[in-house]
Amino acid sequence: MKYLIKNGRVIDPANSADDSLDILISEGKIDKIDKKLDLKADKTIDAKGKIVAPGLVDMHVHLREPGREDKETIATGTAAAIKGGFTTVACMANTEPPIDSPKVAKLLKSIIKKDALAEVLIVGAITENRAGKKLTDFKTMKEEGIIAVSDDGSSVDDEKIMRDALKEARKASLPIIAHCEDSKLSGRGVINQGFIATKMGLRGIPRESEYERVKRDIELAAKTSSGIHIAHISCKESVEIIRKAKQKGIKVTAETAPHYFTLTEDCCITYDTNTKMNPPLRTAEDVAAIKEALRDGTIDAIATDHAPHTDSEKDVEFDFAPFGIIGLETALSLAIMELVDKKVLSWPELILKMSTNPSRILGIDRGTLKEGSAANIVIIDPDEKHIYKKDTIKSKSKNSPFIDWELKGRVQAVLVNGNEIYSD
């Protein structure tokens with residue numbers, strides 16, 4: 001089927017494009033991009049007043065399948081992704097069982113082929129059972145289709161194993177995504193260590209548990225001449241360590257999530273367990289540092305760290321609730337409101353952080369609108385306001401602190417491999 005997208009503001013940072021252009025899509029690919037195309041198509045989409053961009057790429061989601069289909073499935077998770085403008089997502093390895101072997105990767109591939117609305121990339125575990133004791137076989141998992149390795153949800157505590165992982169990832173040409181948390185320091189903490197934690201009577205998580213591990217892992221990457229990607233940055237010290245490492249030429253990239261540039265620990269004062277996440281929400285000073293790091297390029301990507309949990313799991317005392325929130329359906333709006341509207345990032349810079357850079361870090365041919373590329377496209381109304389309501393959430397779980405917020409910016413249409421699969 002041929003589509004013709006007309007009159008939109010086409011933003012493609014990979015090709016330095018930001019102009020009023022038309023796009024012809026044919027046989028799943030971008031056939032032609034130019035001004036005022038007068039060509040025949042099966043369907044014409046008028047994108048006047050809208051932004052047309054490469055489909056968003058989320059390099060950090062938890063889709064829970066296999067094992068915890070009560071929280072999320074490939075089907076429901078990718079439905080949420082599409083509604084949020086994400087045409088490609090990378091699912092983390094902390095499933096049950098974890099994605100630590102070719103066998104599990106193969107199983108997941110079969111589910112993806114059957115149920116996925118968006119493209120789903122598989123991240124394999126760094127260590128067997130994500131236990132931090134023995135490396136998985138990166139090479140055989142890659143042959144079965146994984147695109148990166150991570151023990152996300154856990155850090156690799158053993159320095160020698162992490163060093164060996166970096167070496168093996170380099171040999172296998174796989175990005176390594178590091179969850180940086182020293183569990184000896186974070187312990188049984190549930191909230192950022194500081195005044196709010198004391199006031200609430202909750203155990204604190206010291207910021208050192210993040211930034212000291214960031215420092216260690218970057219130093220190991222430098223010593224092994226390997227690249228490393230740091231997940232879900234939340235505090236100013238981590239930002240500064242990454243900034244200095246980049247200045248030294250160390251091959252490090254980093255991501256943050258929308259909640260770390262939108263919310264502070266003050267939100268936790270109500271004991272709402274939907275404000276409990278790991279790393280925890282930090283201070284206003286940290287939020288400012290995250291925004292500056294996005295502005296100056298220290299932080300390369302925005303990922304959601306979409307972490308679904310059931311109502312029954314979250315509807316307990318703060319101490320006992322699991323960490324994490326869903327984020328696929330709110331990420332774009334929060335980024336528009338907090339970054340674009342507040343002049344932290346321009347629109348091209350936002351698309352760079354949410355599509356082009358994640359694709360580059362993962363080594364995939366996405367995040368571009370060049371002629372001949374896969375027609376993964378999102379059409380966005382940058383100004384439309386809407387209330388984020390619980391009963392409209394596509395994700396199977398509803399654990400979000402943003403329910404009933406008025407959000408700005410809405411996805412109007414999504415094409416995946418040249419097929420329009422969502423239209424608002």
# chains A, B, ... in the order shown; residues from 1 in each chain; ligands from 1
$ residues_around --residues "Glu208 in chain A" --least-positions-apart "3" --cutoff "9 Å" --atoms "only C-alpha atoms" --output "list in words"
Glu181, Asp182, Leu185, Ser186, Ile205, Tyr211, Glu212, Arg213 and Glu237 of chain A
$ residues_around --residues "range 264-272 of chain A" --least-positions-apart "4" --cutoff "6 Å" --atoms "only C-alpha atoms" --output "mmCIF file with C-alpha atoms, in the first residue's frame"
data_model
loop_
_atom_site.group_PDB
_atom_site.id
_atom_site.type_symbol
_atom_site.label_atom_id
_atom_site.label_comp_id
_atom_site.auth_asym_id
_atom_site.auth_seq_id
_atom_site.Cartn_x
_atom_site.Cartn_y
_atom_site.Cartn_z
ATOM 1 C CA LEU A 281 13.478 10.409 42.395
ATOM 2 C CA ARG A 282 16.075 12.953 43.498
ATOM 3 C CA THR A 283 16.164 16.682 44.281
ATOM 4 C CA ALA A 284 15.339 19.779 42.238
#
$ select_by_dssp --residues "range 71-202 of chain A" --states "helix (DSSP H, G or I)" --output "ChimeraX atom specification"
/A:74-83,102-115,128-130,138-143,159-172,183-186,195-200
$ residues_around --residues "His62 in chain A" --least-positions-apart "5" --cutoff "12 Å" --atoms "only C-alpha atoms" --output "PyMOL selection string"
chain A and resi 67-69+71-74+76-78+81+89-96+98-99+120-123+152-153+303-309+324-328+395+397
$ closest_atom_pairs --of "range 229-330 of chain A" --to "range 175-180 of chain A" --cutoff "12 Å" --atoms "only C-alpha atoms" --output "CSV"
residue,atom,partner,partner_atom,distance
A:His229,CA,A:Ile177,CA,4.8
A:Ile230,CA,A:Ala178,CA,5.0
A:Ala231,CA,A:His179,CA,5.6
A:His232,CA,A:His179,CA,7.6
A:Ile233,CA,A:Cys180,CA,8.7
A:Ser234,CA,A:Cys180,CA,10.6
A:Cys235,CA,A:Cys180,CA,11.7
A:Ser238,CA,A:Cys180,CA,9.7
A:Lys251,CA,A:Pro175,CA,10.9
A:Val252,CA,A:Ile176,CA,10.2
A:Thr253,CA,A:Ile177,CA,9.4
A:Ala254,CA,A:Ile177,CA,9.0
A:Glu255,CA,A:Ile177,CA,9.9
A:Thr256,CA,A:His179,CA,11.7
A:Asn278,CA,A:His179,CA,9.9
A:Pro279,CA,A:Cys180,CA,9.0
A:Asp305,CA,A:His179,CA,11.3
$ select_by_dssp --residues "range 70-286 of chain A" --states "strand (DSSP E or B)" --output "JSON, numbers by chain"
{"A": [86, 87, 88, 89, 90, 91, 119, 120, 121, 122, 123, 124, 127, 135, 146, 147, 148, 149, 176, 177, 178, 191, 192, 204, 205, 228, 229, 230, 252, 253, 254, 255, 256]}
$ residues_around --residues "range 13-26 of chain A" --least-positions-apart "4" --cutoff "8 Å" --atoms "only C-alpha atoms" --output "ChimeraX atom specification"
/A:1-9,30-37,39,41,348-349,351-352,356,367-370,375,418
$ closest_residue --among "A:Ser355, A:Met277, A:Glu210, A:Ala131" --to "Phe318 in chain A" --atoms "only C-alpha atoms"
A:Met277
$ residues_around --residues "range 156-167 of chain A" --least-positions-apart "6" --cutoff "10 Å" --atoms "only C-alpha atoms" --output "ChimeraX atom specification"
/A:126-127,130-136,138,149-150,173-176,178-184,213,216-217,219-228
$ closest_residue --among "A:Lys50, A:Arg243, A:Lys106, A:Arg360" --to "Ala289 in chain A" --atoms "only C-alpha atoms"
A:Arg243
